[in-house]
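**Q** Please find upload_12.cif (mmCIF, C-alpha atoms) on the next line:
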```cif
data_coords
loop_
_atom_site.group_PDB
_atom_site.id
_atom_site.type_symbol
_atom_site.label_atom_id
_atom_site.label_comp_id
_atom_site.auth_asym_id
_atom_site.auth_seq_id
_atom_site.Cartn_x
_atom_site.Cartn_y
_atom_site.Cartn_z
ATOM 1 C CA MET M 1 16.512 -22.361 8.780
ATOM 2 C CA SER M 2 17.601 -21.618 12.347
ATOM 3 C CA LYS M 3 20.823 -20.138 10.971
ATOM 4 C CA GLN M 4 18.875 -17.703 8.782
ATOM 5 C CA LEU M 5 16.655 -16.696 11.701
ATOM 6 C CA ARG M 6 19.680 -16.047 13.909
ATOM 7 C CA MET M 7 21.256 -13.933 11.168
ATOM 8 C CA PHE M 8 18.024 -11.945 10.880
ATOM 9 C CA LEU M 9 17.819 -11.379 14.639
ATOM 10 C CA TYR M 10 21.467 -10.292 14.850
ATOM 11 C CA GLY M 11 21.001 -7.956 11.900
ATOM 12 C CA PHE M 12 17.748 -6.578 13.302
ATOM 13 C CA VAL M 13 19.271 -5.830 16.710
ATOM 14 C CA SER M 14 22.436 -4.324 15.205
ATOM 15 C CA PHE M 15 20.414 -2.150 12.830
ATOM 16 C CA ASN M 16 18.215 -0.778 15.617
ATOM 17 C CA ILE M 17 21.186 -0.069 17.890
ATOM 18 C CA LEU M 18 22.874 1.873 15.088
ATOM 19 C CA TRP M 19 19.616 3.682 14.329
ATOM 20 C CA LEU M 20 19.180 4.644 18.000
ATOM 21 C CA ILE M 21 22.759 5.942 18.240
ATOM 22 C CA LEU M 22 22.321 8.074 15.113
ATOM 23 C CA ALA M 23 18.965 9.418 16.342
ATOM 24 C CA VAL M 24 20.508 10.440 19.681
ATOM 25 C CA CYS M 25 23.579 12.011 18.060
ATOM 26 C CA ILE M 26 21.701 13.934 15.355
ATOM 27 C CA ASN M 27 18.804 14.875 17.677
ATOM 28 C CA SER M 28 16.466 15.957 14.887
ATOM 29 C CA ASP M 29 12.763 15.423 14.220
ATOM 30 C CA ALA M 30 13.757 14.233 10.758
ATOM 31 C CA LEU M 31 15.416 11.140 12.278
ATOM 32 C CA THR M 32 12.871 9.661 14.658
ATOM 33 C CA SER M 33 14.107 7.332 17.374
ATOM 34 C CA PRO M 34 13.282 3.657 16.770
ATOM 35 C CA ILE M 35 11.748 3.556 20.260
ATOM 36 C CA ASP M 36 9.175 6.186 19.237
ATOM 37 C CA VAL M 37 8.506 4.427 15.952
ATOM 38 C CA TYR M 38 7.894 1.050 17.603
ATOM 39 C CA LYS M 39 5.669 2.662 20.219
ATOM 40 C CA SER M 40 3.458 4.171 17.520
ATOM 41 C CA ILE M 41 3.538 1.320 15.027
ATOM 42 C CA GLY M 42 0.517 -0.331 16.652
ATOM 43 C CA ASN M 43 -1.538 2.779 15.951
ATOM 44 C CA THR M 44 -0.068 3.030 12.456
ATOM 45 C CA VAL M 45 -1.142 -0.449 11.351
ATOM 46 C CA THR M 46 -4.809 0.407 10.872
ATOM 47 C CA THR M 47 -7.287 -0.806 8.255
ATOM 48 C CA THR M 48 -5.914 1.832 5.880
ATOM 49 C CA MET M 49 -2.339 0.641 6.375
ATOM 50 C CA LEU M 50 -3.421 -2.961 5.800
ATOM 51 C CA THR M 51 -4.893 -1.842 2.475
ATOM 52 C CA HIS M 52 -1.514 -0.387 1.495
ATOM 53 C CA ILE M 53 0.281 -3.582 2.581
ATOM 54 C CA ILE M 54 -2.116 -5.790 0.596
ATOM 55 C CA ALA M 55 -1.739 -3.599 -2.521
ATOM 56 C CA SER M 56 2.065 -3.759 -2.419
ATOM 57 C CA SER M 57 2.097 -7.491 -1.639
ATOM 58 C CA PHE M 58 -0.271 -8.185 -4.529
ATOM 59 C CA ARG M 59 1.956 -6.320 -6.982
ATOM 60 C CA ILE M 60 5.062 -8.210 -5.892
ATOM 61 C CA LEU M 61 3.341 -11.610 -5.917
ATOM 62 C CA ILE M 62 1.742 -11.135 -9.340
ATOM 63 C CA SER M 63 5.067 -9.904 -10.748
ATOM 64 C CA LEU M 64 6.849 -12.999 -9.420
ATOM 65 C CA ILE M 65 4.265 -15.331 -10.953
ATOM 66 C CA ILE M 66 4.320 -13.579 -14.343
ATOM 67 C CA SER M 67 8.121 -13.513 -14.369
ATOM 68 C CA LEU M 68 8.347 -17.246 -13.677
ATOM 69 C CA ILE M 69 5.772 -18.059 -16.364
ATOM 70 C CA ILE M 70 7.727 -16.016 -18.918
ATOM 71 C CA ALA M 71 11.321 -16.685 -17.888
ATOM 72 C CA ILE M 72 11.425 -20.443 -17.282
ATOM 73 C CA PRO M 73 10.237 -21.522 -20.766
ATOM 74 C CA ILE M 74 12.441 -18.903 -22.449
ATOM 75 C CA GLY M 75 15.495 -19.981 -20.454
ATOM 76 C CA ILE M 76 14.875 -23.648 -21.285
ATOM 77 C CA ILE M 77 14.420 -22.920 -25.009
ATOM 78 C CA ILE M 78 17.586 -20.808 -25.139
ATOM 79 C CA ALA M 79 19.626 -23.527 -23.442
ATOM 80 C CA ASP M 80 18.142 -26.289 -25.592
ATOM 81 C CA GLN M 81 18.502 -24.550 -28.955
ATOM 82 C CA PRO M 82 22.072 -23.386 -29.756
ATOM 83 C CA ARG M 83 20.922 -21.249 -32.701
ATOM 84 C CA ILE M 84 18.397 -19.380 -30.572
ATOM 85 C CA ASN M 85 21.029 -18.992 -27.843
ATOM 86 C CA LYS M 86 23.408 -17.345 -30.316
ATOM 87 C CA ILE M 87 20.710 -14.835 -31.241
ATOM 88 C CA VAL M 88 19.274 -14.152 -27.774
ATOM 89 C CA SER M 89 22.425 -14.233 -25.613
ATOM 90 C CA PRO M 90 23.918 -10.996 -27.082
ATOM 91 C CA LEU M 91 20.562 -9.301 -26.460
ATOM 92 C CA LEU M 92 20.530 -10.521 -22.855
ATOM 93 C CA TYR M 93 24.149 -9.468 -22.405
ATOM 94 C CA PHE M 94 23.357 -5.974 -23.657
ATOM 95 C CA SER M 95 20.031 -5.435 -21.877
ATOM 96 C CA TYR M 96 20.780 -7.090 -18.529
ATOM 97 C CA PRO M 97 22.966 -4.250 -17.117
ATOM 98 C CA ILE M 98 20.543 -1.498 -18.201
ATOM 99 C CA PRO M 99 18.971 0.105 -15.093
ATOM 100 C CA LYS M 100 15.357 -0.964 -15.422
ATOM 101 C CA LEU M 101 14.179 2.099 -13.510
ATOM 102 C CA ALA M 102 15.412 4.198 -16.441
ATOM 103 C CA LEU M 103 12.714 2.505 -18.534
ATOM 104 C CA LEU M 104 9.915 3.755 -16.260
ATOM 105 C CA PRO M 105 9.086 6.829 -18.430
ATOM 106 C CA ILE M 106 8.813 4.597 -21.509
ATOM 107 C CA VAL M 107 6.641 2.064 -19.687
ATOM 108 C CA MET M 108 4.381 4.827 -18.391
ATOM 109 C CA LEU M 109 4.060 6.366 -21.858
ATOM 110 C CA LEU M 110 3.096 3.008 -23.365
ATOM 111 C CA MET M 111 0.972 1.586 -20.543
ATOM 112 C CA GLY M 112 -0.181 4.595 -18.555
ATOM 113 C CA ILE M 113 0.339 5.083 -14.833
ATOM 114 C CA GLY M 114 -1.949 2.322 -13.570
ATOM 115 C CA GLU M 115 -1.338 -1.180 -12.246
ATOM 116 C CA ALA M 116 -0.052 -2.531 -15.561
ATOM 117 C CA ALA M 117 2.920 -0.137 -15.581
ATOM 118 C CA LYS M 118 3.861 -0.948 -11.972
ATOM 119 C CA ILE M 119 3.717 -4.700 -12.496
ATOM 120 C CA THR M 120 5.586 -4.402 -15.804
ATOM 121 C CA MET M 121 8.462 -2.601 -14.098
ATOM 122 C CA LEU M 122 8.769 -5.336 -11.487
ATOM 123 C CA VAL M 123 8.603 -8.041 -14.170
ATOM 124 C CA LEU M 124 11.400 -6.341 -16.122
ATOM 125 C CA ILE M 125 13.621 -6.562 -13.049
ATOM 126 C CA LEU M 126 12.785 -10.180 -12.224
ATOM 127 C CA VAL M 127 12.458 -11.811 -15.617
ATOM 128 C CA PHE M 128 15.985 -11.167 -16.919
ATOM 129 C CA GLN M 129 17.643 -12.597 -13.815
ATOM 130 C CA ILE M 130 15.477 -15.720 -13.926
ATOM 131 C CA ILE M 131 16.129 -16.277 -17.658
ATOM 132 C CA VAL M 132 19.879 -16.068 -17.119
ATOM 133 C CA ALA M 133 19.670 -18.351 -14.069
ATOM 134 C CA VAL M 134 17.659 -20.979 -15.974
ATOM 135 C CA ARG M 135 19.946 -20.891 -19.007
ATOM 136 C CA ASP M 136 23.167 -21.087 -16.994
ATOM 137 C CA GLY M 137 21.698 -23.739 -14.685
ATOM 138 C CA ILE M 138 20.942 -25.994 -17.651
ATOM 139 C CA PHE M 139 24.392 -25.402 -19.136
ATOM 140 C CA ASN M 140 25.910 -26.566 -15.826
ATOM 141 C CA ILE M 141 24.109 -29.919 -15.871
ATOM 142 C CA PRO M 142 26.599 -32.638 -16.882
ATOM 143 C CA ARG M 143 25.755 -34.112 -20.288
ATOM 144 C CA GLU M 144 26.273 -37.582 -18.846
ATOM 145 C CA ASN M 145 23.116 -37.181 -16.792
ATOM 146 C CA TYR M 146 21.061 -36.664 -19.939
ATOM 147 C CA ASN M 147 22.733 -39.625 -21.649
ATOM 148 C CA VAL M 148 21.807 -41.938 -18.774
ATOM 149 C CA LEU M 149 18.120 -40.975 -18.878
ATOM 150 C CA THR M 150 17.783 -41.044 -22.660
ATOM 151 C CA SER M 151 19.524 -44.429 -22.818
ATOM 152 C CA LEU M 152 16.866 -45.735 -20.443
ATOM 153 C CA GLY M 153 14.164 -44.525 -22.807
ATOM 154 C CA ALA M 154 13.093 -41.356 -21.007
ATOM 155 C CA SER M 155 11.082 -38.899 -23.089
ATOM 156 C CA LYS M 156 11.876 -35.176 -23.321
ATOM 157 C CA THR M 157 9.049 -34.446 -20.906
ATOM 158 C CA GLN M 158 10.409 -36.951 -18.387
ATOM 159 C CA VAL M 159 13.931 -35.564 -18.730
ATOM 160 C CA LEU M 160 12.584 -32.065 -18.140
ATOM 161 C CA ARG M 161 10.496 -33.200 -15.165
ATOM 162 C CA TRP M 162 13.041 -35.408 -13.392
ATOM 163 C CA LEU M 163 16.393 -33.896 -14.345
ATOM 164 C CA THR M 164 16.322 -30.410 -15.808
ATOM 165 C CA PHE M 165 13.809 -28.717 -13.535
ATOM 166 C CA PRO M 166 15.148 -30.114 -10.221
ATOM 167 C CA ALA M 167 18.686 -29.174 -11.307
ATOM 168 C CA ILE M 168 17.829 -25.551 -12.123
ATOM 169 C CA LEU M 169 15.408 -24.985 -9.220
ATOM 170 C CA PRO M 170 18.137 -23.791 -6.781
ATOM 171 C CA GLU M 171 19.394 -21.297 -9.383
ATOM 172 C CA ILE M 172 15.855 -20.022 -9.986
ATOM 173 C CA LEU M 173 15.233 -19.488 -6.284
ATOM 174 C CA THR M 174 18.624 -17.823 -5.825
ATOM 175 C CA SER M 175 17.958 -15.413 -8.688
ATOM 176 C CA MET M 176 14.542 -14.581 -7.209
ATOM 177 C CA ARG M 177 16.116 -13.993 -3.804
ATOM 178 C CA ILE M 178 18.659 -11.600 -5.303
ATOM 179 C CA ALA M 179 16.101 -9.746 -7.416
ATOM 180 C CA ILE M 180 13.450 -9.306 -4.731
ATOM 181 C CA GLY M 181 15.365 -6.525 -2.947
ATOM 182 C CA THR M 182 15.654 -4.497 -6.146
ATOM 183 C CA ALA M 183 12.021 -5.201 -6.976
ATOM 184 C CA VAL M 184 10.845 -3.831 -3.620
ATOM 185 C CA SER M 185 12.952 -0.692 -4.139
ATOM 186 C CA VAL M 186 11.448 -0.101 -7.568
ATOM 187 C CA LEU M 187 7.980 -0.858 -6.190
ATOM 188 C CA PHE M 188 8.405 2.027 -3.746
ATOM 189 C CA PHE M 189 9.261 4.381 -6.604
ATOM 190 C CA THR M 190 6.441 3.262 -8.901
ATOM 191 C CA GLU M 191 3.856 3.560 -6.128
ATOM 192 C CA THR M 192 4.474 7.290 -5.906
ATOM 193 C CA PHE M 193 2.739 7.715 -9.297
ATOM 194 C CA GLY M 194 -0.883 7.236 -10.266
ATOM 195 C CA THR M 195 -2.141 5.389 -7.189
ATOM 196 C CA ASP M 196 -3.606 6.028 -3.762
ATOM 197 C CA TYR M 197 -2.667 2.600 -2.433
ATOM 198 C CA GLY M 198 0.656 0.996 -1.674
ATOM 199 C CA LEU M 199 3.422 1.439 0.889
ATOM 200 C CA GLY M 200 5.382 3.696 -1.458
ATOM 201 C CA PHE M 201 2.422 6.090 -1.616
ATOM 202 C CA TYR M 202 1.962 5.875 2.159
ATOM 203 C CA ILE M 203 5.607 6.724 2.893
ATOM 204 C CA VAL M 204 5.749 9.689 0.512
ATOM 205 C CA ASP M 205 2.369 10.983 1.736
ATOM 206 C CA ALA M 206 3.591 10.859 5.358
ATOM 207 C CA TRP M 207 6.821 12.608 4.329
ATOM 208 C CA MET M 208 4.867 15.412 2.601
ATOM 209 C CA ARG M 209 2.744 15.843 5.746
ATOM 210 C CA LEU M 210 5.903 15.922 7.914
ATOM 211 C CA ALA M 211 4.504 12.919 9.800
ATOM 212 C CA TYR M 212 7.940 11.429 10.323
ATOM 213 C CA THR M 213 6.883 8.724 12.760
ATOM 214 C CA GLU M 214 4.349 7.413 10.231
ATOM 215 C CA MET M 215 6.949 7.698 7.494
ATOM 216 C CA TYR M 216 9.458 5.550 9.388
ATOM 217 C CA SER M 217 6.722 3.080 10.277
ATOM 218 C CA GLY M 218 5.936 2.733 6.585
ATOM 219 C CA ILE M 219 9.615 2.235 5.750
ATOM 220 C CA LEU M 220 9.901 -0.468 8.416
ATOM 221 C CA ILE M 221 6.815 -2.278 7.153
ATOM 222 C CA LEU M 222 8.023 -2.089 3.529
ATOM 223 C CA SER M 223 11.372 -3.504 4.639
ATOM 224 C CA LEU M 224 9.585 -6.241 6.573
ATOM 225 C CA LEU M 225 7.519 -7.053 3.482
ATOM 226 C CA GLY M 226 10.702 -7.465 1.447
ATOM 227 C CA PHE M 227 12.141 -9.687 4.166
ATOM 228 C CA ILE M 228 9.004 -11.848 4.237
ATOM 229 C CA PHE M 229 9.299 -12.528 0.506
ATOM 230 C CA PHE M 230 13.042 -13.125 0.892
ATOM 231 C CA PHE M 231 12.455 -15.537 3.778
ATOM 232 C CA ALA M 232 9.627 -17.294 1.913
ATOM 233 C CA ILE M 233 11.989 -17.986 -1.001
ATOM 234 C CA ASP M 234 14.590 -19.231 1.483
ATOM 235 C CA LEU M 235 11.970 -21.524 2.994
ATOM 236 C CA LEU M 236 11.018 -22.858 -0.436
ATOM 237 C CA SER M 237 14.680 -23.513 -1.161
ATOM 238 C CA PHE M 238 15.030 -25.373 2.148
ATOM 239 C CA LYS M 239 11.921 -27.495 1.515
ATOM 240 C CA LEU M 240 12.344 -28.194 -2.216
ATOM 241 C CA CYS M 241 16.122 -28.400 -2.512
ATOM 242 C CA LYS M 242 17.151 -30.414 0.537
ATOM 243 C CA TRP M 243 19.567 -32.381 -1.602
ATOM 244 C CA LYS M 244 21.361 -29.109 -2.376
ATOM 245 C CA GLU M 245 21.715 -28.275 1.302
#
```
Using structure tokens, write down the structure from this file.
**A**
Amino acid sequence: MSKQLRMFLYGFVSFNILWLILAVCINSDALTSPIDVYKSIGNTVTTTMLTHIIASSFRILISLIISLIIAIPIGIIIADQPRINKIVSPLLYFSYPIPKLALLPIVMLLMGIGEAAKITMLVLILVFQIIVAVRDGIFNIPRENYNVLTSLGASKTQVLRWLTFPAILPEILTSMRIAIGTAVSVLFFTETFGTDYGLGFYIVDAWMRLAYTEMYSGILILSLLGFIFFFAIDLLSFKLCKWKE
């Protein structure tokens, strides 16, 4: 994990240097200096801001849990049943590239503008990637591995527990890591509708009030939230998939 932390630190320093250079060159209130933002961020993180952070974190966490509950069984069934795979794979192939944000008006019409619509949008982004990762991960397991276990008398449950799931776990975590950035972006957009809580709402509200320092503070915190989830998945991968490393 030290390598990942070094990469983060290098990226963080490089990003802030570039930000500072642009702020000095443009010299506009619309592009606040990172020095000013970091000076004020202590005042920004109040009880109200913590409420926004908790609301956004809750939506991401619930979406991840729901996506895993839905996607893992579906991916396993598709990989295990060739007939179902022939039916479902064309649907996945067609629907996977569709920009999920384009479905937001439909989701809002069907589910309203409350929490259900926001979580549904995040699930739509996460669930397809996890299904594909599970299916392809199972397809990549050598058949000989299954033959060894079944010849020793292992049941389907034991094969799933000791072979299939450990083999696909790295692919699941990788797909979650890839999808989390998109999910955070969509979260920002969905939180501008029908809610008074969430970092997306906070950022847009600060922008409308021309409170640029608060706006940039909100953007930084939202980015940090995405990084925390990204790093947490990396940490899980490091702890649970040491054999892969």
**Q** Could you work out how far CA of Pro170 (chain M) lies from CA of Leu235 (chain M), giving the answer in Å with one decimal?
**A**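 We find that CA of Leu235 (chain M) and CA of Pro170 (chain M) lie 11.8 Å from each other.
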**Q** State, in Å with one decimal place, the distance from CA of Ile70 (chain M) to CA of Tyr93 (chain M).
**A**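 Separation of CA of Ile70 (chain M) and CA of Tyr93 (chain M): 18.0 Å.
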**Q** I would like the residues chosen by the PyMOL selection byres ((chain M and resi 186-202) around 9) on the shown file; could you give them as a ChimeraX atom specification?
**A** /M:48-49,51-57,59-60,100-101,104,112-115,117-119,121-122,125,181-185,203-207,214-215,218-219,221-222
**Q** Separation of CA of Ile35 (chain M) and CA of Arg209 (chain M), in Å?
**A** 21.0 Å
**Q** Which neighbours of Ala167 (chain M) fall inside 10 Å, counting all atoms listed in the file, when residues of the same chain fewer than 4 positions from it are skipped, and could you give them as a ChimeraX atom specification?
**A** /M:134,137-138,140-141,160-163,171-172,241,244
**Q** For Asp36 (chain M), which residue among M:Asn85, M:Ser155, M:Ser217, M:Thr174 is the nearest when counting only C-alpha atoms?
**A** M:Ser217
**Q** Looking at M:Ser237, M:Val159, M:Leu169, M:Asn27, which one is nearest to Tyr146 (chain M), with distances taken over all atoms listed in the file?
**A**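 Among the listed residues, M:Val159 lies closest to Tyr146 (chain M).
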**Q** Which residue is closest to Ile178 (chain M)? Choose from M:Ala211, M:Leu225, M:Val107, M:Leu126 and count only C-alpha atoms.
**A**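 Looking at the shortest contact to Ile178 (chain M), the residue is M:Leu126.
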**Q** Kindly indicate which residue among M:Phe128, M:Glu144, M:Met208, M:Thr164 lies nearest to Ala71 (chain M), using all atoms listed in the file for the distances.
**A**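 Using all atoms listed in the file, Ala71 (chain M) sits closest to M:Phe128.
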